[in-house]
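Source file: upload_37.txt. Holds: compact mmCIF, C-alpha atoms.
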# COMPACT_ATOMS: atom_id res chain seq x y z
CA MET A 58 0.00 0.00 0.00
CA ASN A 59 1.31 3.46 -0.96
CA TYR A 60 0.64 6.03 1.74
CA SER A 61 0.01 9.53 0.39
CA PHE A 62 1.56 12.82 1.44
CA ILE A 63 1.50 16.56 0.81
CA ASP A 64 4.80 18.46 0.97
CA LEU A 65 4.46 22.06 2.25
CA PHE A 66 7.31 24.54 1.80
CA ALA A 67 8.77 21.85 -0.45
CA GLY A 68 11.93 23.63 -1.68
CA ALA A 69 13.88 21.46 -4.12
CA GLY A 70 12.21 18.31 -2.79
CA GLY A 71 14.91 16.67 -0.65
CA LEU A 72 12.45 15.64 2.07
CA SER A 73 9.91 14.50 -0.51
CA GLU A 74 12.52 12.48 -2.43
CA GLY A 75 13.30 10.47 0.69
CA PHE A 76 9.63 9.69 1.26
CA ILE A 77 9.11 8.69 -2.37
CA GLN A 78 12.13 6.35 -2.16
CA ALA A 79 10.52 4.80 0.93
CA GLY A 80 7.32 4.07 -0.99
CA PHE A 81 5.12 7.08 -0.19
CA GLU A 82 3.06 8.73 -2.93
CA PRO A 83 3.07 12.53 -3.36
CA ILE A 84 -0.29 14.23 -3.88
CA ALA A 85 1.08 17.76 -4.19
CA HIS A 86 4.12 19.91 -3.50
CA VAL A 87 3.60 23.53 -2.46
CA GLU A 88 6.48 25.98 -2.94
CA MET A 89 6.63 29.72 -3.65
CA GLU A 90 10.07 29.91 -5.31
CA ASN A 91 9.90 29.56 -9.12
CA SER A 92 13.25 27.83 -9.69
CA ALA A 93 12.58 25.25 -6.98
CA CYS A 94 9.17 24.53 -8.55
CA ASN A 95 10.88 23.80 -11.87
CA THR A 96 13.21 21.42 -10.04
CA LEU A 97 10.18 19.71 -8.47
CA ARG A 98 8.48 19.41 -11.89
CA THR A 99 11.60 17.91 -13.45
CA ARG A 100 11.87 15.40 -10.60
CA ALA A 101 8.15 14.57 -10.90
CA ALA A 102 8.76 13.93 -14.61
CA TYR A 103 11.65 11.63 -13.68
CA HIS A 104 9.51 9.56 -11.30
CA PHE A 105 6.62 9.29 -13.80
CA LEU A 106 8.84 8.31 -16.73
CA LYS A 107 10.79 5.78 -14.71
CA ALA A 108 7.58 4.16 -13.40
CA ASN A 109 6.16 3.94 -16.93
CA ASN A 110 9.20 2.44 -18.69
CA LYS A 111 10.05 5.74 -20.41
CA TYR A 112 13.24 6.45 -18.51
CA GLN A 113 15.16 7.01 -21.75
CA THR A 114 13.18 10.21 -22.26
CA TYR A 115 14.59 11.55 -19.01
CA ILE A 116 18.09 10.39 -19.98
CA ALA A 117 17.69 12.30 -23.25
CA TYR A 118 16.91 15.41 -21.23
CA LEU A 119 19.98 14.96 -19.03
CA LYS A 120 22.09 14.57 -22.17
CA GLY A 121 20.66 17.80 -23.58
CA GLU A 122 19.05 16.01 -26.53
CA ILE A 123 15.58 17.36 -25.70
CA SER A 124 14.47 20.63 -24.11
CA ARG A 125 12.80 21.05 -20.75
CA GLN A 126 9.56 21.82 -22.56
CA GLN A 127 9.85 18.57 -24.52
CA LEU A 128 10.49 16.69 -21.28
CA TYR A 129 7.41 18.23 -19.67
CA SER A 130 5.27 17.48 -22.74
CA SER A 131 6.02 13.76 -22.25
CA VAL A 132 4.34 13.81 -18.81
CA PRO A 133 0.60 14.18 -18.00
CA LYS A 134 -0.28 17.78 -17.11
CA GLU A 135 -1.72 16.80 -13.74
CA ILE A 136 1.71 15.50 -12.68
CA LEU A 137 3.32 18.85 -13.43
CA ASN A 138 0.41 20.89 -12.07
CA SER A 139 0.56 19.05 -8.74
CA VAL A 140 3.57 21.30 -8.10
CA ILE A 141 1.76 24.37 -6.78
CA ASN A 142 3.82 27.54 -7.22
CA LEU A 143 2.15 29.76 -4.59
CA PRO A 144 3.08 31.20 -1.18
CA ILE A 145 1.42 29.47 1.76
CA GLY A 146 -0.61 32.02 3.72
CA GLU A 147 -4.10 33.37 4.27
CA GLU A 148 -4.20 35.07 0.88
CA LYS A 149 -3.51 31.92 -1.18
CA ASN A 150 -4.50 29.00 1.07
CA ASN A 151 -7.97 28.55 -0.48
CA THR A 152 -6.50 28.46 -4.00
CA ILE A 153 -3.78 26.02 -2.93
CA GLN A 154 -6.25 23.73 -1.17
CA GLU A 155 -8.62 23.75 -4.16
CA GLN A 156 -5.76 22.51 -6.33
CA ILE A 157 -4.74 19.89 -3.77
CA ASP A 158 -8.33 18.66 -3.55
CA LYS A 159 -8.47 18.30 -7.32
CA TYR A 160 -5.51 15.90 -7.30
CA LEU A 161 -6.54 14.20 -4.07
CA GLY A 162 -9.90 13.02 -5.43
CA ASN A 163 -11.31 10.33 -3.15
CA LYS A 164 -7.98 9.60 -1.48
CA LYS A 165 -7.10 10.56 2.05
CA VAL A 166 -3.92 12.38 3.03
CA ASP A 167 -1.90 10.03 5.23
CA LEU A 168 0.94 12.42 5.93
CA ILE A 169 1.92 16.08 5.70
CA ILE A 170 5.63 16.83 5.54
CA GLY A 171 7.70 19.99 5.29
CA GLY A 172 9.22 22.81 7.26
CA PRO A 173 8.78 26.57 6.87
CA PRO A 174 11.82 28.67 5.85
CA CYS A 175 14.29 28.59 8.70
CA GLN A 176 15.84 32.08 8.61
CA ALA A 177 13.47 33.29 11.31
CA TYR A 178 14.69 30.64 13.75
CA SER A 179 18.30 30.23 12.69
CA LEU A 180 21.04 31.47 14.99
CA VAL A 181 22.90 32.98 12.04
CA GLY A 182 19.74 34.68 10.77
CA ARG A 183 19.10 36.19 14.17
CA SER A 184 22.71 37.32 14.60
CA ARG A 185 22.61 39.18 11.27
CA SER A 186 19.22 40.80 11.88
CA LYS A 187 19.05 44.18 13.66
CA THR A 188 15.72 43.15 15.19
CA LYS A 189 16.84 39.55 15.99
CA MET A 190 14.02 38.52 13.58
CA GLU A 191 11.38 39.89 15.96
CA GLY A 192 8.24 40.71 14.00
CA ASP A 193 9.32 38.64 10.98
CA PRO A 194 6.15 37.04 9.57
CA ARG A 195 8.07 33.81 8.91
CA ASN A 196 8.17 33.27 12.68
CA TYR A 197 4.52 32.24 12.50
CA LEU A 198 4.38 30.16 9.33
CA PHE A 199 3.75 27.15 11.58
CA VAL A 200 0.25 28.63 12.04
CA GLN A 201 -0.33 28.12 8.32
CA TYR A 202 1.06 24.58 8.56
CA ALA A 203 -1.51 23.89 11.30
CA GLU A 204 -4.32 25.05 9.00
CA TYR A 205 -3.44 22.24 6.59
CA LEU A 206 -3.39 19.74 9.45
CA GLU A 207 -6.87 20.83 10.41
CA LYS A 208 -8.23 20.56 6.86
CA TYR A 209 -6.64 17.26 5.80
CA GLN A 210 -6.40 15.44 9.14
CA PRO A 211 -3.38 13.28 8.23
CA LYS A 212 -2.46 10.37 10.47
CA MET A 213 0.92 12.01 11.06
CA PHE A 214 3.06 14.95 10.12
CA VAL A 215 6.81 15.58 9.85
CA PHE A 216 8.01 19.12 10.55
CA GLU A 217 11.70 19.83 9.88
CA ASN A 218 13.63 22.90 10.97
CA VAL A 219 16.90 24.26 12.36
CA LEU A 220 18.23 23.83 15.89
CA GLY A 221 17.57 27.52 16.58
CA LEU A 222 13.85 26.74 16.77
CA LYS A 223 14.41 25.55 20.34
CA SER A 224 16.03 28.79 21.49
CA ALA A 225 14.26 31.38 19.32
CA LYS A 226 12.57 33.90 21.61
CA LYS A 227 13.62 31.67 24.54
CA GLY A 228 11.53 28.76 23.28
CA HIS A 229 8.36 30.83 22.82
CA TYR A 230 7.73 29.79 19.22
CA LEU A 231 8.23 26.11 19.98
CA ALA A 232 5.84 26.30 22.94
CA GLU A 233 3.24 28.10 20.80
CA MET A 234 3.71 25.49 18.10
CA GLU A 235 3.11 22.59 20.48
CA LYS A 236 0.03 24.29 21.92
CA LEU A 237 -1.43 24.97 18.47
CA PHE A 238 -0.74 21.49 17.10
CA ASN A 239 -2.37 20.09 20.23
CA GLN A 240 -5.46 22.21 19.60
CA LYS A 241 -5.63 20.75 16.09
CA GLY A 242 -5.66 17.26 17.57
CA TYR A 243 -1.99 16.25 17.45
CA GLN A 244 0.63 15.17 19.95
CA ILE A 245 4.23 15.87 19.05
CA LYS A 246 7.70 14.56 19.81
CA LEU A 247 10.84 16.53 19.00
CA PHE A 248 14.10 14.93 17.87
CA ILE A 249 17.52 16.47 17.30
CA LEU A 250 19.04 14.53 14.42
CA GLU A 251 22.53 14.42 12.96
CA ALA A 252 22.64 13.72 9.23
CA VAL A 253 25.88 11.74 9.54
CA ASN A 254 23.98 9.07 11.53
CA PHE A 255 21.82 8.49 8.45
CA GLY A 256 24.74 7.85 6.10
CA VAL A 257 25.08 11.47 4.91
CA LEU A 258 28.73 12.58 4.78
CA GLN A 259 27.98 15.99 6.28
CA ASN A 260 27.90 17.53 9.74
CA ARG A 261 24.29 18.70 9.73
CA LYS A 262 22.06 18.87 12.81
CA ARG A 263 18.37 19.50 12.46
CA ILE A 264 15.17 19.35 14.47
CA VAL A 265 12.51 16.95 13.25
CA ILE A 266 9.12 17.02 14.93
CA LEU A 267 6.82 14.01 14.53
CA GLY A 268 3.17 14.68 15.15
CA TRP A 269 0.36 12.14 15.33
CA GLN A 270 -3.38 12.21 15.93
CA LYS A 271 -4.10 12.07 19.64
CA HIS A 272 -6.63 9.26 19.29
CA GLN A 273 -4.09 7.07 17.45
CA ILE A 274 -1.98 4.81 19.65
CA PHE A 275 1.38 4.80 17.94
CA ALA A 276 4.69 3.41 19.15
CA ILE A 277 6.69 6.42 18.03
CA PRO A 278 10.15 5.37 16.78
CA ASN A 279 13.18 6.93 18.42
CA LEU A 280 14.73 8.67 15.43
CA GLU A 281 17.74 9.68 17.51
CA ALA A 282 18.66 6.00 17.88
CA ILE A 283 19.13 5.50 14.13
CA ARG A 284 22.77 4.77 13.27
CA ILE A 285 23.84 3.79 9.77
CA GLU A 286 27.27 2.17 10.06
CA SER A 287 29.73 4.01 7.85
CA ASN A 288 33.48 3.82 7.30
CA TYR A 289 33.39 6.22 4.37
CA LEU A 290 35.22 9.51 3.94
CA VAL A 291 34.36 12.67 2.01
CA LYS A 292 36.80 11.66 -0.73
CA ASP A 293 34.42 8.78 -1.53
CA LEU A 294 32.00 11.46 -2.75
CA LEU A 295 34.51 13.37 -4.85
CA ASN A 296 37.13 11.08 -6.36
CA ASP A 297 35.24 9.89 -9.45
CA LEU A 298 34.41 13.39 -10.74
CA PRO A 299 36.25 15.03 -13.66
CA VAL A 300 39.03 17.46 -12.70
CA ILE A 301 37.98 21.08 -13.24
CA LYS A 302 39.42 24.40 -12.15
CA ALA A 303 37.76 27.65 -11.05
CA GLY A 304 35.25 28.82 -13.66
CA GLU A 305 35.39 25.50 -15.50
CA GLY A 306 33.01 22.58 -15.91
CA ILE A 307 30.03 21.97 -18.13
CA ASP A 308 26.39 21.21 -17.54
CA ARG A 309 26.61 17.78 -19.12
CA PHE A 310 29.64 15.47 -18.92
CA LEU A 311 29.11 12.21 -20.78
CA LYS A 312 31.57 10.28 -18.64
CA TYR A 313 33.01 10.23 -15.13
CA LYS A 314 36.72 10.29 -14.33
CA THR A 315 36.77 6.83 -12.75
CA GLU A 316 34.53 3.95 -11.75
CA THR A 317 32.05 4.56 -8.96
CA THR A 318 33.04 4.29 -5.29
CA GLU A 319 31.57 1.91 -2.73
CA TYR A 320 29.80 4.78 -0.95
CA LEU A 321 28.12 6.04 -4.13
CA LYS A 322 27.08 2.48 -4.96
CA ALA A 323 25.80 1.67 -1.46
CA HIS A 324 23.54 4.72 -1.35
CA ALA A 325 22.65 4.83 -5.08
CA LEU A 326 23.97 8.35 -5.55
CA ARG A 327 25.64 7.52 -8.83
CA ASN A 328 22.73 5.45 -9.90
CA GLY A 329 23.60 3.60 -13.05
CA ILE A 330 23.87 6.48 -15.51
CA ASP A 331 26.93 7.84 -17.31
CA ILE A 332 25.71 11.42 -17.65
CA LEU A 333 27.12 13.80 -15.07
CA THR A 334 25.23 17.07 -14.85
CA GLN A 335 25.95 20.39 -13.16
CA HIS A 336 29.61 19.74 -12.39
CA ILE A 337 30.32 23.46 -12.77
CA ALA A 338 32.67 25.50 -10.59
CA ARG A 339 32.27 29.22 -10.04
CA PRO A 340 35.11 31.55 -11.12
CA HIS A 341 37.27 33.14 -8.40
CA LYS A 342 39.46 36.21 -8.07
CA GLU A 343 43.20 35.56 -8.05
CA GLN A 344 43.38 36.78 -4.44
CA ASP A 345 40.76 34.23 -3.33
CA LYS A 346 42.57 31.44 -5.16
CA GLU A 347 45.75 32.37 -3.34
CA ILE A 348 43.89 32.11 -0.02
CA TYR A 349 42.40 28.77 -1.08
CA LYS A 350 45.89 27.36 -1.66
CA ILE A 351 47.03 28.51 1.76
CA ALA A 352 43.95 26.90 3.37
CA VAL A 353 44.47 23.58 1.56
CA GLN A 354 48.21 23.49 2.32
CA LYS A 355 47.55 24.20 6.00
CA TRP A 356 45.12 21.28 6.14
CA GLU A 357 47.34 18.90 4.17
CA GLU A 358 50.47 19.63 6.16
CA LYS A 359 49.13 20.18 9.70
CA GLN A 360 45.46 19.13 9.69
CA GLU A 361 44.71 22.68 10.80
CA ARG A 362 41.99 25.07 9.67
CA LEU A 363 42.89 28.50 8.34
CA ASN A 364 42.32 31.37 10.77
CA TYR A 365 41.55 34.48 8.74
CA ASN A 366 43.75 36.65 10.98
CA ASP A 367 46.78 34.50 10.13
CA LEU A 368 46.68 35.50 6.46
CA PRO A 369 49.23 38.00 5.13
CA GLU A 370 47.90 41.56 5.51
CA ARG A 371 47.70 42.06 1.74
CA LEU A 372 45.12 39.24 1.53
CA LYS A 373 42.90 40.47 4.37
CA THR A 374 40.13 42.60 2.87
CA HIS A 375 37.33 42.02 5.40
CA GLN A 376 36.83 44.69 8.04
CA ASN A 377 35.51 42.19 10.59
CA ARG A 378 38.56 40.66 12.31
CA THR A 379 36.82 39.59 15.53
CA SER A 380 34.47 36.85 14.25
CA PHE A 381 34.05 34.39 11.37
CA PHE A 382 37.72 33.43 11.59
CA ASP A 383 36.98 30.28 9.56
CA ARG A 384 35.31 32.03 6.64
CA PHE A 385 37.73 30.17 4.34
CA LYS A 386 37.36 26.45 4.96
CA VAL A 387 38.41 23.30 3.12
CA VAL A 388 36.00 20.43 2.51
CA ALA A 389 38.48 17.94 3.91
CA ALA A 390 38.65 14.74 1.87
CA ASP A 391 40.01 12.64 4.71
CA LEU A 392 37.22 13.27 7.23
CA PRO A 393 33.98 11.24 7.59
CA TYR A 394 31.86 14.34 7.03
CA SER A 395 32.04 17.86 5.64
CA GLN A 396 30.92 21.12 7.20
CA THR A 397 27.20 21.95 6.93
CA VAL A 398 26.07 22.94 3.44
CA VAL A 399 23.89 26.06 3.75
CA ALA A 400 22.21 28.43 1.29
CA HIS A 401 25.03 30.97 1.65
CA ILE A 402 26.99 28.77 -0.76
CA ALA A 403 24.95 30.53 -3.46
CA LYS A 404 26.79 33.80 -2.64
CA ASP A 405 30.37 32.57 -2.50
CA GLY A 406 32.28 29.32 -2.10
CA HIS A 407 34.88 30.39 0.47
CA TYR A 408 33.52 28.05 3.15
CA TYR A 409 33.58 25.09 0.73
CA ILE A 410 37.07 24.90 -0.77
CA HIS A 411 37.79 21.76 -2.80
CA PRO A 412 40.53 19.65 -1.13
CA ASP A 413 42.56 19.18 -4.34
CA ILE A 414 45.06 22.06 -4.44
CA GLU A 415 45.57 21.54 -8.18
CA GLN A 416 41.91 22.25 -8.89
CA ASN A 417 42.10 25.33 -6.62
CA ARG A 418 38.40 26.21 -6.45
CA SER A 419 35.29 25.93 -4.37
CA ILE A 420 33.06 22.90 -4.82
CA SER A 421 30.81 22.50 -7.85
CA VAL A 422 27.02 22.29 -7.84
CA ARG A 423 27.17 18.49 -8.21
CA GLU A 424 29.65 18.14 -5.37
CA ALA A 425 27.40 20.19 -3.09
CA ALA A 426 24.43 18.03 -4.13
CA ARG A 427 26.37 14.87 -3.29
CA LEU A 428 27.29 16.23 0.15
CA GLN A 429 23.55 16.62 0.65
CA SER A 430 23.06 13.01 -0.61
CA PHE A 431 21.13 13.91 -3.77
CA PRO A 432 21.54 11.28 -6.51
CA ASP A 433 23.39 12.31 -9.66
CA ASP A 434 20.23 12.15 -11.80
CA TYR A 435 18.61 14.90 -9.68
CA TYR A 436 18.62 18.05 -11.80
CA PHE A 437 18.34 21.49 -10.19
CA GLU A 438 16.54 23.97 -12.39
CA GLY A 439 16.53 27.75 -12.70
CA GLU A 440 13.63 29.93 -13.82
CA LYS A 441 14.79 29.70 -17.41
CA GLU A 442 16.01 26.53 -19.06
CA GLY A 443 19.69 25.72 -18.68
CA ALA A 444 22.09 25.56 -15.77
CA ASN A 445 21.70 28.30 -13.16
CA ARG A 446 24.50 27.83 -10.67
CA THR A 447 23.21 30.34 -8.10
CA ALA A 448 19.65 28.95 -8.07
CA ALA A 449 20.97 25.39 -7.79
CA PHE A 450 23.31 26.19 -4.88
CA LYS A 451 20.52 27.97 -2.99
CA GLN A 452 18.13 25.04 -3.41
CA ILE A 453 20.77 22.52 -2.36
CA GLY A 454 21.78 24.50 0.72
CA ASN A 455 18.17 24.80 1.90
CA ALA A 456 17.33 21.13 1.34
CA VAL A 457 16.81 18.18 3.66
CA PRO A 458 19.27 15.40 2.69
CA PRO A 459 17.18 12.78 0.83
CA LEU A 460 19.11 9.90 2.41
CA MET A 461 18.21 11.15 5.89
CA ALA A 462 14.61 11.71 4.82
CA GLN A 463 14.40 8.17 3.42
CA LYS A 464 15.49 6.56 6.69
CA ILE A 465 12.95 8.66 8.63
CA ALA A 466 10.24 7.74 6.12
CA GLU A 467 11.02 4.03 6.40
CA LYS A 468 10.58 4.19 10.18
CA ILE A 469 7.28 6.05 9.82
CA ARG A 470 5.98 3.63 7.18
CA GLU A 471 6.85 0.68 9.40
CA MET A 472 5.10 2.35 12.34
CA ILE A 473 1.91 3.17 10.42
CA TRP A 474 1.82 -0.35 8.97
CA LYS A 475 2.05 -1.92 12.42
CA ASN A 476 -0.84 0.21 13.65
CA MET A 477 -3.23 -0.28 10.73
Could you quickly redo this structure as structure tokens?
Amino acid sequence: MNYSFIDLFAGAGGLSEGFIQAGFEPIAHVEMENSACNTLRTRAAYHFLKANNKYQTYIAYLKGEISRQQLYSSVPKEILNSVINLPIGEEKNNTIQEQIDKYLGNKKVDLIIGGPPCQAYSLVGRSRSKTKMEGDPRNYLFVQYAEYLEKYQPKMFVFENVLGLKSAKKGHYLAEMEKLFNQKGYQIKLFILEAVNFGVLQNRKRIVILGWQKHQIFAIPNLEAIRIESNYLVKDLLNDLPVIKAGEGIDRFLKYKTETTEYLKAHALRNGIDILTQHIARPHKEQDKEIYKIAVQKWEEKQERLNYNDLPERLKTHQNRTSFFDRFKVVAADLPYSQTVVAHIAKDGHYYIHPDIEQNRSISVREAARLQSFPDDYYFEGEKEGANRTAAFKQIGNAVPPLMAQKIAEKIREMIWKNM
């Protein structure tokens, strides 16, 4: 039996991808950002074509043999239209729900998943805001989430967000959230999860809240107890990719540098295709490339991170010398996880320097996607057709790692099945 779900604040679909891989069926994805919606449509096309023995059409798209419009024309319109490109809120909720109802038909929603944008709760967001995010309307997007719980009455929901949710306004928002969800008929349990425990080669901590209908007697799984045994290192994500330098790379490589690695095979990241997309590195100023070399050498020789204040004076252009000392950081190949991939990667790559000093660049779009555990056939779209590096980086940085989402989804599926 395929349990159905709605994905709210869907982004590029990392959370949804994990649930689909675990056997759940999407009814609709709701997302306000245009580029992310195109990514969701392209992924919906992938899933439809693969399920209907038309996978070669998707491969043709990855190879650049057909256009995005041709890809979309090979998929029923209702599949593409189930990606609802509207902002969740009082103004658009009725329109969104009318569209969801159209695709829902006689089915029932088993699950709602998603998490509102996290800037309002994030520690970094608050530190950069003059008002500490007080009064930001995004603080209360959980109220809108609760409206969908009330309308669709799913058995469960999965709400993902940043660790700062616990401390934002001294826990006020979290307390309000629990109270509201309770009023809508749901009990909740909060987990602090580390992506590396789910097989993701990245240091990424997140809050995941499971909610369930109060009248349901569920044995809620302890998500914090999940441990995927792993002896892999970050180099297992990078070593098979073609060598490129700053400003180099193409949107479609028709071969990899080497055979796949055990890690990529075990988690189906390089999943049987020979087309490598979006392995594109941003260009860098000569000064930044000089700093990158210093950072890589320091790591290679001493296993030490670069402190910005230790740079020669001629290379120090930032006025702030009292914080963000590690603003230039190597993605170390010989560690079991990288630093957290965040949306700021769309602005510059200084915090994500490739470990190969010869390549002397920040990581490519595909490398960032792999750190987030997206499979290589996942294509990140822009508003217009063709590679958009900035849009792709932003979507990847904001995403839930699909591999982590899949393990959570498997536990939930098992739990629901036991209680049917």
For segment 240-249 of chain A, work out the shell of residues within 12 Å, counting only C-alpha atoms and skipping chain neighbours fewer than 3 positions away, then give it as a PyMOL selection string. chain A and resi 200-223+231-237+252+254+261-283+465
Just to be explicit: take each residue in the selection above, keep C-alpha atoms, and write the result as a PDB file, in the frame of the given file.
ATOM      1  CA  VAL A 200       0.250  28.630  12.040  1.00  0.00           C
ATOM      2  CA  GLN A 201      -0.330  28.120   8.320  1.00  0.00           C
ATOM      3  CA  TYR A 202       1.060  24.580   8.560  1.00  0.00           C
ATOM      4  CA  ALA A 203      -1.510  23.890  11.300  1.00  0.00           C
ATOM      5  CA  GLU A 204      -4.320  25.050   9.000  1.00  0.00           C
ATOM      6  CA  TYR A 205      -3.440  22.240   6.590  1.00  0.00           C
ATOM      7  CA  LEU A 206      -3.390  19.740   9.450  1.00  0.00           C
ATOM      8  CA  GLU A 207      -6.870  20.830  10.410  1.00  0.00           C
ATOM      9  CA  LYS A 208      -8.230  20.560   6.860  1.00  0.00           C
ATOM     10  CA  TYR A 209      -6.640  17.260   5.800  1.00  0.00           C
ATOM     11  CA  GLN A 210      -6.400  15.440   9.140  1.00  0.00           C
ATOM     12  CA  PRO A 211      -3.380  13.280   8.230  1.00  0.00           C
ATOM     13  CA  LYS A 212      -2.460  10.370  10.470  1.00  0.00           C
ATOM     14  CA  MET A 213       0.920  12.010  11.060  1.00  0.00           C
ATOM     15  CA  PHE A 214       3.060  14.950  10.120  1.00  0.00           C
ATOM     16  CA  VAL A 215       6.810  15.580   9.850  1.00  0.00           C
ATOM     17  CA  PHE A 216       8.010  19.120  10.550  1.00  0.00           C
ATOM     18  CA  GLU A 217      11.700  19.830   9.880  1.00  0.00           C
ATOM     19  CA  ASN A 218      13.630  22.900  10.970  1.00  0.00           C
ATOM     20  CA  VAL A 219      16.900  24.260  12.360  1.00  0.00           C
ATOM     21  CA  LEU A 220      18.230  23.830  15.890  1.00  0.00           C
ATOM     22  CA  GLY A 221      17.570  27.520  16.580  1.00  0.00           C
ATOM     23  CA  LEU A 222      13.850  26.740  16.770  1.00  0.00           C
ATOM     24  CA  LYS A 223      14.410  25.550  20.340  1.00  0.00           C
ATOM     25  CA  LEU A 231       8.230  26.110  19.980  1.00  0.00           C
ATOM     26  CA  ALA A 232       5.840  26.300  22.940  1.00  0.00           C
ATOM     27  CA  GLU A 233       3.240  28.100  20.800  1.00  0.00           C
ATOM     28  CA  MET A 234       3.710  25.490  18.100  1.00  0.00           C
ATOM     29  CA  GLU A 235       3.110  22.590  20.480  1.00  0.00           C
ATOM     30  CA  LYS A 236       0.030  24.290  21.920  1.00  0.00           C
ATOM     31  CA  LEU A 237      -1.430  24.970  18.470  1.00  0.00           C
ATOM     32  CA  ALA A 252      22.640  13.720   9.230  1.00  0.00           C
ATOM     33  CA  ASN A 254      23.980   9.070  11.530  1.00  0.00           C
ATOM     34  CA  ARG A 261      24.290  18.700   9.730  1.00  0.00           C
ATOM     35  CA  LYS A 262      22.060  18.870  12.810  1.00  0.00           C
ATOM     36  CA  ARG A 263      18.370  19.500  12.460  1.00  0.00           C
ATOM     37  CA  ILE A 264      15.170  19.350  14.470  1.00  0.00           C
ATOM     38  CA  VAL A 265      12.510  16.950  13.250  1.00  0.00           C
ATOM     39  CA  ILE A 266       9.120  17.020  14.930  1.00  0.00           C
ATOM     40  CA  LEU A 267       6.820  14.010  14.530  1.00  0.00           C
ATOM     41  CA  GLY A 268       3.170  14.680  15.150  1.00  0.00           C
ATOM     42  CA  TRP A 269       0.360  12.140  15.330  1.00  0.00           C
ATOM     43  CA  GLN A 270      -3.380  12.210  15.930  1.00  0.00           C
ATOM     44  CA  LYS A 271      -4.100  12.070  19.640  1.00  0.00           C
ATOM     45  CA  HIS A 272      -6.630   9.260  19.290  1.00  0.00           C
ATOM     46  CA  GLN A 273      -4.090   7.070  17.450  1.00  0.00           C
ATOM     47  CA  ILE A 274      -1.980   4.810  19.650  1.00  0.00           C
ATOM     48  CA  PHE A 275       1.380   4.800  17.940  1.00  0.00           C
ATOM     49  CA  ALA A 276       4.690   3.410  19.150  1.00  0.00           C
ATOM     50  CA  ILE A 277       6.690   6.420  18.030  1.00  0.00           C
ATOM     51  CA  PRO A 278      10.150   5.370  16.780  1.00  0.00           C
ATOM     52  CA  ASN A 279      13.180   6.930  18.420  1.00  0.00           C
ATOM     53  CA  LEU A 280      14.730   8.670  15.430  1.00  0.00           C
ATOM     54  CA  GLU A 281      17.740   9.680  17.510  1.00  0.00           C
ATOM     55  CA  ALA A 282      18.660   6.000  17.880  1.00  0.00           C
ATOM     56  CA  ILE A 283      19.130   5.500  14.130  1.00  0.00           C
ATOM     57  CA  ILE A 465      12.950   8.660   8.630  1.00  0.00           C
TER      58      ILE A 465
END
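Considering all atoms listed in the file, the residue among A:Ile351, A:Val387, A:Ile153, A:Val457 positioned nearest to Gln429 of chain A is A:Val457.
Going from atom CA of Val166 of chain A over to atom CA of Ala456 of chain A, you cover 23.0 Å.
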Compile the contact shell of segment 421-424 of chain A as a count of residues only: residues with an atom at most 8 Å away, counting all atoms listed in the file, same-chain residues fewer than 2 positions apart removed. 16
Gap from atom CA of Asn455 of chain A to atom CA of Phe199 of chain A - Å, one decimal: 17.5 Å
Dump as a Markdown table the rows for residues of segment 83-170 of chain A within 7 Å of segment 434-445 of chain A: closest atom pair and distance in Å with one decimal, all atoms listed in the file counted, ordered by chain and rising residue number.
| residue | atom | partner | partner_atom | distance |
| --- | --- | --- | --- | --- |
| A:Asn91 | CA | A:Glu440 | CA | 6.0 |
| A:Ser92 | CA | A:Gly439 | CA | 4.5 |
| A:Ala93 | CA | A:Glu438 | CA | 6.8 |
| A:Asn95 | CA | A:Glu438 | CA | 5.7 |
| A:Thr96 | CA | A:Glu438 | CA | 4.8 |
| A:Arg100 | CA | A:Tyr435 | CA | 6.8 |
| A:Arg125 | CA | A:Glu442 | CA | 6.6 |
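With all atoms listed in the file as the atoms that count, the residue of A:Gln463, A:Ser73, A:Gln127, A:Gln354 with the shortest distance to Tyr115 of chain A is A:Gln127.
Using all atoms listed in the file for every distance, the candidate list A:Asn296, A:Leu372, A:Leu311, A:Ala448 yields A:Ala448 as the residue closest to His401 of chain A.
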Quick one, how far is atom CA of Ala69 of chain A from atom CA of Tyr197 of chain A? 21.9 Å
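Comparing A:Leu161, A:Val140, A:Ile330, A:Ile169 by their smallest distance to Asp64 of chain A, the closest is A:Ile169 (using all atoms listed in the file).
Among A:Val300, A:Met89, A:Ile157, A:Ile136, the residue with the shortest atom-to-atom distance to Ile63 of chain A, counting all atoms listed in the file, is A:Ile157.
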Neighbour list for Leu258 of chain A as a PyMOL selection string, cut-off 12 Å, all atoms listed in the file, skip fewer than 6 positions in-chain: chain A and resi 251-252+285-295+320-321+324+388-398+424-431+458+460-461
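Between Ser130 of chain A and the residues A:Leu250, A:Ile414, A:Ile116, A:Leu106, the shortest atom-to-atom distance, using only C-alpha atoms, involves A:Leu106.
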